[in-house]
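Below is the file structure.cif, which contains mmCIF, N, CA, C and O atoms.
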data_coords
#
loop_
_atom_site.label_atom_id
_atom_site.label_comp_id
_atom_site.auth_asym_id
_atom_site.auth_seq_id
_atom_site.Cartn_x
_atom_site.Cartn_y
_atom_site.Cartn_z
N ALA A 1 -13.40 14.52 142.94
CA ALA A 1 -12.48 14.84 141.86
C ALA A 1 -11.74 13.59 141.39
O ALA A 1 -11.57 13.39 140.20
N ALA A 2 -11.32 12.74 142.34
CA ALA A 2 -10.59 11.52 141.94
C ALA A 2 -11.49 10.59 141.14
O ALA A 2 -11.07 10.00 140.16
N GLY A 3 -12.76 10.50 141.56
CA GLY A 3 -13.70 9.65 140.84
C GLY A 3 -13.94 10.12 139.42
O GLY A 3 -14.02 9.31 138.49
N ARG A 4 -14.05 11.43 139.24
CA ARG A 4 -14.24 11.97 137.88
C ARG A 4 -13.02 11.72 137.01
O ARG A 4 -13.15 11.40 135.82
N LEU A 5 -11.85 11.87 137.59
CA LEU A 5 -10.62 11.60 136.84
C LEU A 5 -10.58 10.13 136.40
O LEU A 5 -10.29 9.82 135.25
N GLU A 6 -10.90 9.25 137.33
CA GLU A 6 -10.89 7.83 137.00
C GLU A 6 -11.95 7.50 135.95
O GLU A 6 -11.70 6.72 135.02
N GLU A 7 -13.12 8.12 136.03
CA GLU A 7 -14.17 7.93 135.02
C GLU A 7 -13.68 8.34 133.64
O GLU A 7 -13.91 7.64 132.65
N ARG A 8 -13.04 9.49 133.56
CA ARG A 8 -12.51 9.98 132.28
C ARG A 8 -11.47 9.02 131.71
O ARG A 8 -11.46 8.72 130.52
N LEU A 9 -10.58 8.53 132.58
CA LEU A 9 -9.57 7.59 132.12
C LEU A 9 -10.22 6.29 131.66
O LEU A 9 -9.84 5.73 130.63
N LEU A 10 -11.21 5.81 132.38
CA LEU A 10 -11.89 4.58 131.98
C LEU A 10 -12.58 4.73 130.63
O LEU A 10 -12.55 3.81 129.80
N LYS A 11 -13.19 5.88 130.37
CA LYS A 11 -13.81 6.13 129.06
C LYS A 11 -12.76 6.11 127.97
O LYS A 11 -12.96 5.52 126.90
N PHE A 12 -11.62 6.75 128.22
CA PHE A 12 -10.53 6.74 127.25
C PHE A 12 -10.02 5.31 127.03
O PHE A 12 -9.80 4.89 125.89
N MET A 13 -9.83 4.57 128.11
CA MET A 13 -9.34 3.20 128.01
C MET A 13 -10.29 2.36 127.16
O MET A 13 -9.86 1.57 126.33
N HIS A 14 -11.59 2.53 127.39
CA HIS A 14 -12.58 1.78 126.62
C HIS A 14 -12.50 2.15 125.14
O HIS A 14 -12.48 1.27 124.27
N ALA A 15 -12.46 3.44 124.85
CA ALA A 15 -12.40 3.90 123.46
C ALA A 15 -11.12 3.44 122.76
O ALA A 15 -11.13 3.11 121.58
N ALA A 16 -10.02 3.42 123.50
CA ALA A 16 -8.73 3.04 122.93
C ALA A 16 -8.47 1.53 123.02
O ALA A 16 -7.44 1.06 122.55
N ARG A 17 -9.40 0.83 123.65
CA ARG A 17 -9.27 -0.62 123.85
C ARG A 17 -8.00 -0.96 124.62
O ARG A 17 -7.27 -1.89 124.29
N VAL A 18 -7.77 -0.17 125.66
CA VAL A 18 -6.62 -0.38 126.55
C VAL A 18 -7.16 -0.98 127.84
O VAL A 18 -8.20 -0.56 128.35
N ARG A 19 -6.47 -1.95 128.38
CA ARG A 19 -6.97 -2.64 129.57
C ARG A 19 -6.47 -2.06 130.89
O ARG A 19 -7.10 -2.23 131.92
N THR A 20 -5.31 -1.43 130.86
CA THR A 20 -4.72 -0.94 132.10
C THR A 20 -4.36 0.53 131.96
O THR A 20 -3.80 0.93 130.95
N GLY A 21 -4.71 1.32 132.98
CA GLY A 21 -4.39 2.74 133.00
C GLY A 21 -3.59 3.08 134.24
O GLY A 21 -3.59 2.34 135.23
N LEU A 22 -2.92 4.20 134.21
CA LEU A 22 -2.08 4.65 135.32
C LEU A 22 -2.40 6.10 135.63
O LEU A 22 -2.41 6.94 134.73
N ILE A 23 -2.67 6.37 136.89
CA ILE A 23 -2.90 7.73 137.35
C ILE A 23 -1.80 8.07 138.35
O ILE A 23 -1.59 7.35 139.32
N LEU A 24 -1.10 9.18 138.08
CA LEU A 24 -0.08 9.69 138.99
C LEU A 24 -0.66 10.87 139.75
O LEU A 24 -1.31 11.73 139.16
N THR A 25 -0.41 10.92 141.04
CA THR A 25 -0.98 11.98 141.87
C THR A 25 0.01 12.41 142.94
O THR A 25 0.85 11.63 143.37
N VAL A 26 -0.10 13.67 143.33
CA VAL A 26 0.73 14.15 144.45
C VAL A 26 0.08 13.78 145.78
O VAL A 26 0.73 13.78 146.81
N PHE A 27 -1.21 13.47 145.73
CA PHE A 27 -1.96 13.11 146.94
C PHE A 27 -2.06 11.59 147.06
O PHE A 27 -1.97 10.89 146.05
N PRO A 28 -2.28 11.07 148.25
CA PRO A 28 -2.48 9.63 148.38
C PRO A 28 -3.69 9.20 147.54
O PRO A 28 -4.68 9.93 147.46
N PRO A 29 -3.61 8.04 146.90
CA PRO A 29 -4.74 7.58 146.09
C PRO A 29 -5.94 7.26 146.97
O PRO A 29 -5.80 7.02 148.17
N PRO A 30 -7.13 7.25 146.37
CA PRO A 30 -8.31 6.88 147.16
C PRO A 30 -8.20 5.43 147.62
O PRO A 30 -7.51 4.62 146.97
N PRO A 31 -8.86 5.09 148.71
CA PRO A 31 -8.84 3.69 149.16
C PRO A 31 -9.36 2.77 148.06
O PRO A 31 -10.21 3.17 147.25
N ARG A 32 -8.86 1.56 148.00
CA ARG A 32 -9.24 0.64 146.94
C ARG A 32 -10.75 0.45 146.83
O ARG A 32 -11.28 0.32 145.73
N GLU A 33 -11.44 0.42 147.97
CA GLU A 33 -12.89 0.21 147.93
C GLU A 33 -13.62 1.39 147.29
O GLU A 33 -14.77 1.27 146.89
N GLN A 34 -12.96 2.53 147.16
CA GLN A 34 -13.56 3.70 146.52
C GLN A 34 -13.12 3.86 145.06
O GLN A 34 -13.62 4.71 144.35
N GLN A 35 -12.18 3.03 144.63
CA GLN A 35 -11.72 3.09 143.25
C GLN A 35 -12.72 2.38 142.35
O GLN A 35 -13.33 1.38 142.74
N LEU A 36 -12.91 2.90 141.16
CA LEU A 36 -13.93 2.38 140.25
C LEU A 36 -13.51 1.11 139.54
O LEU A 36 -14.36 0.29 139.19
N SER A 37 -12.23 0.93 139.28
CA SER A 37 -11.78 -0.21 138.50
C SER A 37 -10.42 -0.70 138.99
O SER A 37 -9.52 0.11 139.22
N PRO A 38 -10.26 -2.00 139.10
CA PRO A 38 -8.94 -2.53 139.46
C PRO A 38 -7.94 -2.39 138.31
O PRO A 38 -6.75 -2.58 138.50
N ASN A 39 -8.43 -2.04 137.12
CA ASN A 39 -7.55 -1.89 135.97
C ASN A 39 -6.90 -0.51 135.90
O ASN A 39 -6.13 -0.24 134.98
N VAL A 40 -7.23 0.35 136.83
CA VAL A 40 -6.58 1.66 136.93
C VAL A 40 -5.62 1.60 138.11
O VAL A 40 -6.03 1.36 139.25
N LEU A 41 -4.35 1.79 137.83
CA LEU A 41 -3.33 1.76 138.86
C LEU A 41 -3.06 3.19 139.32
O LEU A 41 -2.82 4.07 138.51
N TRP A 42 -3.13 3.40 140.61
CA TRP A 42 -2.86 4.71 141.20
C TRP A 42 -1.49 4.68 141.86
O TRP A 42 -1.18 3.78 142.64
N LEU A 43 -0.67 5.67 141.55
CA LEU A 43 0.64 5.82 142.19
C LEU A 43 0.84 7.28 142.55
O LEU A 43 0.44 8.18 141.80
N THR A 44 1.50 7.50 143.68
CA THR A 44 1.92 8.87 143.96
C THR A 44 3.13 9.16 143.07
O THR A 44 3.80 8.24 142.59
N ILE A 45 3.41 10.41 142.88
CA ILE A 45 4.57 10.78 142.07
C ILE A 45 5.85 10.25 142.71
O ILE A 45 6.74 9.76 142.01
N ASP A 46 5.92 10.29 144.04
CA ASP A 46 7.10 9.75 144.73
C ASP A 46 7.27 8.25 144.45
O ASP A 46 8.38 7.77 144.20
N GLU A 47 6.16 7.50 144.51
CA GLU A 47 6.24 6.06 144.21
C GLU A 47 6.68 5.82 142.77
O GLU A 47 7.53 4.96 142.51
N PHE A 48 6.11 6.61 141.86
CA PHE A 48 6.46 6.49 140.45
C PHE A 48 7.95 6.78 140.24
O PHE A 48 8.65 6.02 139.57
N GLU A 49 8.44 7.89 140.82
CA GLU A 49 9.85 8.24 140.68
C GLU A 49 10.75 7.15 141.24
O GLU A 49 11.78 6.82 140.65
N ASN A 50 10.36 6.56 142.37
CA ASN A 50 11.16 5.49 142.97
C ASN A 50 11.18 4.27 142.05
O ASN A 50 12.23 3.65 141.86
N LEU A 51 10.04 3.91 141.48
CA LEU A 51 9.99 2.77 140.56
C LEU A 51 10.84 3.03 139.32
O LEU A 51 11.50 2.11 138.82
N ILE A 52 10.83 4.26 138.83
CA ILE A 52 11.67 4.61 137.68
C ILE A 52 13.15 4.55 138.05
O ILE A 52 13.96 3.96 137.34
N ARG A 53 13.47 5.16 139.18
CA ARG A 53 14.86 5.22 139.62
C ARG A 53 15.45 3.83 139.85
O ARG A 53 16.63 3.59 139.56
N THR A 54 14.65 2.91 140.34
CA THR A 54 15.13 1.55 140.62
C THR A 54 14.88 0.59 139.47
O THR A 54 15.12 -0.62 139.60
N ALA A 55 14.39 1.13 138.35
CA ALA A 55 14.11 0.32 137.15
C ALA A 55 13.09 -0.78 137.43
O ALA A 55 13.18 -1.87 136.88
N GLU A 56 12.12 -0.51 138.31
CA GLU A 56 11.13 -1.51 138.70
C GLU A 56 9.73 -1.20 138.18
O GLU A 56 8.79 -1.94 138.47
N LEU A 57 9.56 -0.12 137.42
CA LEU A 57 8.22 0.25 136.96
C LEU A 57 7.60 -0.86 136.11
O LEU A 57 6.45 -1.25 136.33
N GLY A 58 8.34 -1.38 135.16
CA GLY A 58 7.82 -2.44 134.30
C GLY A 58 7.40 -3.67 135.10
O GLY A 58 6.34 -4.24 134.87
N THR A 59 8.25 -4.06 136.04
CA THR A 59 7.94 -5.21 136.90
C THR A 59 6.69 -4.94 137.73
O THR A 59 5.81 -5.80 137.83
N PHE A 60 6.59 -3.75 138.31
CA PHE A 60 5.43 -3.39 139.11
C PHE A 60 4.15 -3.47 138.29
O PHE A 60 3.17 -4.07 138.71
N VAL A 61 4.16 -2.87 137.11
CA VAL A 61 2.96 -2.87 136.26
C VAL A 61 2.60 -4.29 135.86
O VAL A 61 1.44 -4.71 135.94
N ARG A 62 3.57 -5.07 135.43
CA ARG A 62 3.32 -6.45 135.00
C ARG A 62 2.77 -7.29 136.15
O ARG A 62 1.77 -8.00 135.99
N GLU A 63 3.40 -7.22 137.32
CA GLU A 63 2.95 -8.02 138.46
C GLU A 63 1.58 -7.59 138.96
O GLU A 63 0.74 -8.43 139.30
N THR A 64 1.33 -6.28 138.97
CA THR A 64 0.03 -5.79 139.39
C THR A 64 -1.04 -6.22 138.40
O THR A 64 -2.12 -6.67 138.79
N ARG A 65 -0.75 -6.11 137.12
CA ARG A 65 -1.69 -6.53 136.09
C ARG A 65 -1.99 -8.02 136.21
O ARG A 65 -3.13 -8.45 136.11
N ASN A 66 -0.97 -8.84 136.47
CA ASN A 66 -1.18 -10.28 136.63
C ASN A 66 -2.07 -10.58 137.83
O ASN A 66 -2.94 -11.44 137.75
N ARG A 67 -1.86 -9.86 138.93
CA ARG A 67 -2.71 -10.05 140.11
C ARG A 67 -4.15 -9.68 139.80
O ARG A 67 -5.09 -10.37 140.19
N ILE A 68 -4.35 -8.59 139.06
CA ILE A 68 -5.70 -8.16 138.69
C ILE A 68 -6.35 -9.23 137.82
O ILE A 68 -7.51 -9.59 138.03
N MET A 69 -5.62 -9.74 136.85
CA MET A 69 -6.17 -10.74 135.93
C MET A 69 -6.56 -12.02 136.64
O MET A 69 -7.44 -12.74 136.22
N HIS A 70 -5.90 -12.31 137.77
CA HIS A 70 -6.21 -13.52 138.52
C HIS A 70 -7.12 -13.23 139.72
O HIS A 70 -7.30 -14.10 140.58
N GLY A 71 -7.68 -12.03 139.77
CA GLY A 71 -8.68 -11.70 140.79
C GLY A 71 -8.14 -11.25 142.12
O GLY A 71 -8.90 -11.07 143.06
N ALA A 72 -6.86 -11.04 142.25
CA ALA A 72 -6.28 -10.56 143.51
C ALA A 72 -5.62 -9.22 143.24
O ALA A 72 -5.13 -8.95 142.17
N ARG A 73 -5.62 -8.37 144.25
CA ARG A 73 -4.94 -7.09 144.07
C ARG A 73 -4.22 -6.79 145.32
O ARG A 73 -3.92 -6.24 146.09
#
Please go through the file and, once you have read it, give me the structure as structure tokens.
Amino acid sequence: AAGRLEERLLKFMHAARVRTGLILTVFPPPPREQQLSPNVLWLTIDEFENLIRTAELGTFVRETRNRIMHGAR
């Protein structure tokens, strides 16, 4: 199910010419080696809420995107 969700998001990202996507889940995300693309960021809802509450979501997305662009995650 997680793989299909990520596939759908990747198709949308390609069509919309968007480089980074975000998936929020109540369950732990799949291990990185099972994720289809480093350009899809997986967060649990709790992690997302914490990033919002601490005003760190923008920083998290920017820093994660920069690591992806430089080949590290």
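You will find CA of Pro28 in chain A at 19.6 Å from CA of Leu10 in chain A.
Taking all atoms listed in the file into account, Phe48 in chain A lies nearest to A:Leu24 out of the set A:Ala2, A:Met69, A:Leu24, A:Met13.
Applied to this file, the PyMOL selection byres ((chain A and resi 42) around 6) selects the residues Gly21, Leu22, Ile23, Leu24, Pro29, Val40, Leu41, Leu43 and Thr44 of chain A.
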DSSP strand (DSSP E or B) residues within chain A, as a ChimeraX atom specification = /A:21-25,40-44
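Going from CA of Arg19 in chain A over to atom C of Asn39 in chain A, you cover 6.7 Å.
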For Thr25 in chain A, which residue among A:Arg4, A:Leu57, A:Phe12, A:Glu47 is the nearest when counting only C-alpha atoms?
-> A:Glu47
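The space between atom N of Asp46 in chain A and atom O of Leu5 in chain A spans 18.4 Å.
The smallest atom-to-atom distance between Thr64 in chain A and any of A:Gly3, A:Pro38, A:Ala15, A:Phe27, using all atoms listed in the file, is found for A:Pro38.
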Alpha helix (DSSP H) positions in chain A, given as a PyMOL selection string | chain A and resi 2-16+45-53+57-69
Let me have the centre and edge lengths of the axis-aligned box enclosing all listed atoms of range 2-17 of chain A with 8 Å padding on every side, in Å to one decimal, as JSON.
{"center_x": -10.8, "center_y": 5.4, "center_z": 132.0, "size_x": 23.0, "size_y": 30.6, "size_z": 36.8}
